[in-house]
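Asker: Before I ask anything, here is the structure I am working with.
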Amino acid sequence: MAALPLLSLGAAVRAAAAGLLLAALWYFTVPDEPALRLCGFHWLTGRPCPLCGLTRAFFALAKGHWAEAVHFHALSPLAFAMVFALFWNGKASRRLWSVGSAAMVFYGALRIVIPGV
Ligand SMILES: [Zn+2]
């Protein structure tokens, strides 16, 4: 009797890729205030775009610094879950992306209109 594998090869590769991404986010650090902002929207308007702060927040989340991450971007835990859901192509992942994208658009609009949000 052959033993059934715990994970398919595809699932093992996706899990390894997710683990590598998490390890890289944990290992490396980005400055709290970058010397050069790469966001064109921020450069043009002086206001944060819907995605501003997510890079710094992801590095903070990987280290377990939730308060710091939420300071950079209030929906960063949701965005973090959305990115890691990309490694699993299932119904829950698609639903998370639908709800999460709508939340990001709404929050992004608030950030642009209301200073300090
Ligand atoms: Zn931006």
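How things are named: the first chain in the structure tokens is A, the next is B, and so on; residues count from 1 in each chain; ligands count from 1 in the order shown.
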Which neighbours of A:Leu86 fall inside 12 Å, counting only C-alpha atoms, when residues of the same chain fewer than 3 positions from it are skipped, and could you give them as a list in words?

Answerer: Arg14, Ala15, Ala17, Ala18, Leu21, Ala79, Phe80, Ala81, Met82, Val83, Asn89, Gly90, Lys91, Ala92, Ser93, Arg94, Arg95, Leu96 and Trp97 of chain A

Asker: Selected residues, C-alpha atoms, written as a PDB file, in the first residue's frame, please.

Answerer:
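Okay, again-v1.pdb is ready:
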ATOM      1  CA  ARG A  14       3.478  27.408  -3.302  1.00  0.00           C
ATOM      2  CA  ALA A  15       4.087  26.859   0.410  1.00  0.00           C
ATOM      3  CA  ALA A  17       7.422  30.352  -2.117  1.00  0.00           C
ATOM      4  CA  ALA A  18       5.181  31.823   0.584  1.00  0.00           C
ATOM      5  CA  LEU A  21       8.599  35.670   0.868  1.00  0.00           C
ATOM      6  CA  ALA A  79      -3.390  43.435   2.278  1.00  0.00           C
ATOM      7  CA  PHE A  80      -0.830  41.061   3.825  1.00  0.00           C
ATOM      8  CA  ALA A  81      -3.433  38.289   3.893  1.00  0.00           C
ATOM      9  CA  MET A  82      -4.426  39.113   0.324  1.00  0.00           C
ATOM     10  CA  VAL A  83      -0.839  38.790  -0.928  1.00  0.00           C
ATOM     11  CA  ASN A  89      -5.859  29.658  -5.807  1.00  0.00           C
ATOM     12  CA  GLY A  90      -9.139  28.866  -4.132  1.00  0.00           C
ATOM     13  CA  LYS A  91     -12.602  30.215  -3.653  1.00  0.00           C
ATOM     14  CA  ALA A  92     -11.673  31.806  -0.313  1.00  0.00           C
ATOM     15  CA  SER A  93      -8.717  33.562  -1.950  1.00  0.00           C
ATOM     16  CA  ARG A  94     -10.953  35.049  -4.666  1.00  0.00           C
ATOM     17  CA  ARG A  95     -13.502  36.186  -2.087  1.00  0.00           C
ATOM     18  CA  LEU A  96     -10.769  37.753   0.043  1.00  0.00           C
ATOM     19  CA  TRP A  97      -9.486  39.630  -3.006  1.00  0.00           C
TER      20      TRP A  97
END

Asker: List every residue of stretch 17-86 of chain A that DSSP, applied to the backbone, labels as helix (DSSP H, G or I), and write the result as an MDAnalysis selection string.

Answerer: chainID A and resid 17:27 40:45 54:62 66:72 76:85

Asker: Now that the selection is made, can you save its residues with N, CA and C atoms as a compact mmCIF listing (two decimals), in the first residue's frame?

Answerer:
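Everything below was put into out-v3.txt:
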# COMPACT_ATOMS: atom_id res chain seq x y z
N ALA A 17 7.33 28.97 -1.63
CA ALA A 17 7.42 30.35 -2.12
C ALA A 17 6.87 31.32 -1.08
N ALA A 18 5.75 30.96 -0.46
CA ALA A 18 5.18 31.82 0.58
C ALA A 18 6.14 31.93 1.76
N GLY A 19 6.77 30.82 2.13
CA GLY A 19 7.73 30.83 3.22
C GLY A 19 8.95 31.69 2.90
N LEU A 20 9.43 31.62 1.65
CA LEU A 20 10.57 32.44 1.24
C LEU A 20 10.22 33.93 1.28
N LEU A 21 9.02 34.26 0.82
CA LEU A 21 8.60 35.67 0.87
C LEU A 21 8.52 36.15 2.31
N LEU A 22 7.93 35.35 3.16
CA LEU A 22 7.82 35.73 4.57
C LEU A 22 9.19 35.86 5.22
N ALA A 23 10.10 34.95 4.90
CA ALA A 23 11.46 35.01 5.45
C ALA A 23 12.18 36.26 4.98
N ALA A 24 12.02 36.61 3.72
CA ALA A 24 12.68 37.82 3.19
C ALA A 24 12.12 39.07 3.86
N LEU A 25 10.80 39.11 4.04
CA LEU A 25 10.18 40.27 4.71
C LEU A 25 10.63 40.36 6.16
N TRP A 26 10.83 39.22 6.79
CA TRP A 26 11.28 39.19 8.18
C TRP A 26 12.75 39.59 8.29
N TYR A 27 13.58 39.11 7.36
CA TYR A 27 15.02 39.31 7.45
C TYR A 27 15.44 40.74 7.13
N GLY A 40 4.37 57.93 -7.56
CA GLY A 40 4.11 59.07 -8.44
C GLY A 40 2.94 59.91 -7.97
N PHE A 41 1.92 59.27 -7.43
CA PHE A 41 0.76 60.02 -6.93
C PHE A 41 1.18 60.93 -5.79
N HIS A 42 1.95 60.40 -4.84
CA HIS A 42 2.42 61.20 -3.72
C HIS A 42 3.32 62.33 -4.20
N TRP A 43 4.15 62.04 -5.17
CA TRP A 43 5.06 63.04 -5.71
C TRP A 43 4.27 64.18 -6.36
N LEU A 44 3.19 63.85 -7.07
CA LEU A 44 2.41 64.86 -7.76
C LEU A 44 1.49 65.66 -6.83
N THR A 45 0.88 64.97 -5.85
CA THR A 45 -0.17 65.60 -5.05
C THR A 45 0.24 65.91 -3.61
N LEU A 54 2.35 50.48 2.26
CA LEU A 54 2.19 49.02 2.33
C LEU A 54 3.52 48.29 2.38
N THR A 55 4.52 48.77 1.65
CA THR A 55 5.82 48.09 1.67
C THR A 55 6.39 48.09 3.08
N ARG A 56 6.42 49.27 3.70
CA ARG A 56 6.95 49.37 5.07
C ARG A 56 6.09 48.54 6.03
N ALA A 57 4.77 48.57 5.82
CA ALA A 57 3.87 47.81 6.69
C ALA A 57 4.09 46.30 6.54
N PHE A 58 4.34 45.82 5.35
CA PHE A 58 4.58 44.38 5.15
C PHE A 58 5.83 43.92 5.89
N PHE A 59 6.89 44.74 5.80
CA PHE A 59 8.12 44.37 6.51
C PHE A 59 7.87 44.38 8.02
N ALA A 60 7.08 45.32 8.50
CA ALA A 60 6.75 45.37 9.94
C ALA A 60 5.88 44.18 10.34
N LEU A 61 4.91 43.84 9.53
CA LEU A 61 4.02 42.71 9.85
C LEU A 61 4.79 41.40 9.92
N ALA A 62 5.72 41.21 9.01
CA ALA A 62 6.50 39.96 9.01
C ALA A 62 7.32 39.82 10.29
N TRP A 66 2.72 44.79 14.67
CA TRP A 66 1.40 45.12 14.12
C TRP A 66 1.05 46.59 14.25
N ALA A 67 1.35 47.19 15.40
CA ALA A 67 1.00 48.60 15.60
C ALA A 67 1.75 49.48 14.61
N GLU A 68 3.02 49.16 14.40
CA GLU A 68 3.82 49.92 13.44
C GLU A 68 3.25 49.77 12.03
N ALA A 69 2.85 48.55 11.70
CA ALA A 69 2.29 48.29 10.37
C ALA A 69 0.99 49.06 10.15
N VAL A 70 0.13 49.05 11.14
CA VAL A 70 -1.15 49.76 11.02
C VAL A 70 -0.92 51.27 10.96
N HIS A 71 0.15 51.75 11.60
CA HIS A 71 0.51 53.17 11.49
C HIS A 71 0.86 53.51 10.04
N PHE A 72 1.58 52.64 9.38
CA PHE A 72 1.97 52.91 7.98
C PHE A 72 0.77 52.80 7.04
N SER A 76 -3.15 47.27 6.23
CA SER A 76 -2.02 46.42 5.87
C SER A 76 -2.19 44.96 6.28
N PRO A 77 -2.80 44.64 7.44
CA PRO A 77 -3.00 43.21 7.71
C PRO A 77 -3.90 42.52 6.67
N LEU A 78 -4.91 43.24 6.21
CA LEU A 78 -5.77 42.71 5.15
C LEU A 78 -4.98 42.52 3.86
N ALA A 79 -4.20 43.52 3.49
CA ALA A 79 -3.39 43.43 2.28
C ALA A 79 -2.36 42.31 2.39
N PHE A 80 -1.80 42.14 3.57
CA PHE A 80 -0.83 41.06 3.83
C PHE A 80 -1.50 39.70 3.58
N ALA A 81 -2.69 39.54 4.11
CA ALA A 81 -3.43 38.29 3.89
C ALA A 81 -3.77 38.11 2.42
N MET A 82 -4.11 39.20 1.75
CA MET A 82 -4.43 39.11 0.32
C MET A 82 -3.22 38.64 -0.48
N VAL A 83 -2.05 39.18 -0.19
CA VAL A 83 -0.84 38.79 -0.93
C VAL A 83 -0.53 37.31 -0.69
N PHE A 84 -0.62 36.88 0.56
CA PHE A 84 -0.30 35.47 0.82
C PHE A 84 -1.40 34.54 0.32
N ALA A 85 -2.61 35.05 0.15
CA ALA A 85 -3.68 34.25 -0.44
C ALA A 85 -3.41 33.96 -1.92

Asker: Which chains and residue numbers are within 6 Å of ligand 1, counting only C-alpha atoms and all ligand atoms, if I want them as a PDB file with N, CA and C atoms, in the first residue's frame?

Answerer:
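As written to disk, pocket.pdb reads:
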ATOM      1  N   CYS A  39       6.414  56.705  -5.138  1.00  0.00           N
ATOM      2  CA  CYS A  39       5.019  56.835  -5.508  1.00  0.00           C
ATOM      3  C   CYS A  39       4.800  58.106  -6.340  1.00  0.00           C
ATOM      4  N   PHE A  41       1.917  59.269  -7.432  1.00  0.00           N
ATOM      5  CA  PHE A  41       0.762  60.015  -6.929  1.00  0.00           C
ATOM      6  C   PHE A  41       1.177  60.927  -5.787  1.00  0.00           C
ATOM      7  N   HIS A  42       1.947  60.398  -4.841  1.00  0.00           N
ATOM      8  CA  HIS A  42       2.420  61.204  -3.716  1.00  0.00           C
ATOM      9  C   HIS A  42       3.317  62.330  -4.204  1.00  0.00           C
ATOM     10  N   PRO A  48      -1.054  60.670   0.189  1.00  0.00           N
ATOM     11  CA  PRO A  48      -0.760  59.245   0.001  1.00  0.00           C
ATOM     12  C   PRO A  48      -1.774  58.590  -0.943  1.00  0.00           C
ATOM     13  N   CYS A  49      -1.288  57.719  -1.784  1.00  0.00           N
ATOM     14  CA  CYS A  49      -2.172  56.954  -2.665  1.00  0.00           C
ATOM     15  C   CYS A  49      -2.740  55.782  -1.844  1.00  0.00           C
ATOM     16  N   LEU A  51      -2.084  52.814  -1.861  1.00  0.00           N
ATOM     17  CA  LEU A  51      -1.085  51.782  -1.546  1.00  0.00           C
ATOM     18  C   LEU A  51       0.114  52.310  -0.761  1.00  0.00           C
ATOM     19  N   CYS A  52       0.216  53.612  -0.579  1.00  0.00           N
ATOM     20  CA  CYS A  52       1.363  54.187   0.141  1.00  0.00           C
ATOM     21  C   CYS A  52       1.476  53.595   1.549  1.00  0.00           C
TER      22      CYS A  52
END

Asker: I want to know what sits within 10 Å of A:Tyr107, based on only C-alpha atoms, with residues of the same chain fewer than 6 positions away left out; could you give that as a PDB file with N, CA and C atoms, in the first residue's frame?

Answerer:
ATOM      1  N   CYS A  49      -1.288  57.719  -1.784  1.00  0.00           N
ATOM      2  CA  CYS A  49      -2.172  56.954  -2.665  1.00  0.00           C
ATOM      3  C   CYS A  49      -2.740  55.782  -1.844  1.00  0.00           C
ATOM      4  N   PRO A  50      -3.680  55.026  -2.390  1.00  0.00           N
ATOM      5  CA  PRO A  50      -4.252  53.903  -1.640  1.00  0.00           C
ATOM      6  C   PRO A  50      -3.226  52.844  -1.209  1.00  0.00           C
ATOM      7  N   LEU A  51      -2.084  52.814  -1.861  1.00  0.00           N
ATOM      8  CA  LEU A  51      -1.085  51.782  -1.546  1.00  0.00           C
ATOM      9  C   LEU A  51       0.114  52.310  -0.761  1.00  0.00           C
ATOM     10  N   HIS A  73      -0.106  51.831   7.282  1.00  0.00           N
ATOM     11  CA  HIS A  73      -1.285  51.635   6.433  1.00  0.00           C
ATOM     12  C   HIS A  73      -2.308  50.846   7.251  1.00  0.00           C
ATOM     13  N   ALA A  74      -3.464  51.433   7.479  1.00  0.00           N
ATOM     14  CA  ALA A  74      -4.457  50.830   8.374  1.00  0.00           C
ATOM     15  C   ALA A  74      -4.953  49.471   7.897  1.00  0.00           C
ATOM     16  N   LEU A  75      -4.964  49.251   6.596  1.00  0.00           N
ATOM     17  CA  LEU A  75      -5.467  47.971   6.075  1.00  0.00           C
ATOM     18  C   LEU A  75      -4.338  47.016   5.714  1.00  0.00           C
ATOM     19  N   SER A 101     -10.151  44.222  -2.089  1.00  0.00           N
ATOM     20  CA  SER A 101      -9.952  45.268  -3.098  1.00  0.00           C
ATOM     21  C   SER A 101     -10.938  46.406  -2.889  1.00  0.00           C
ATOM     22  N   VAL A 113      -8.795  62.161   0.512  1.00  0.00           N
ATOM     23  CA  VAL A 113      -9.692  63.283   0.802  1.00  0.00           C
ATOM     24  C   VAL A 113      -9.470  63.834   2.211  1.00  0.00           C
ATOM     25  N   VAL A 117      -5.855  60.299   7.779  1.00  0.00           N
ATOM     26  CA  VAL A 117      -6.556  59.000   7.879  1.00  0.00           C
ATOM     27  C   VAL A 117      -5.587  57.897   7.528  1.00  0.00           C
TER      28      VAL A 117
END
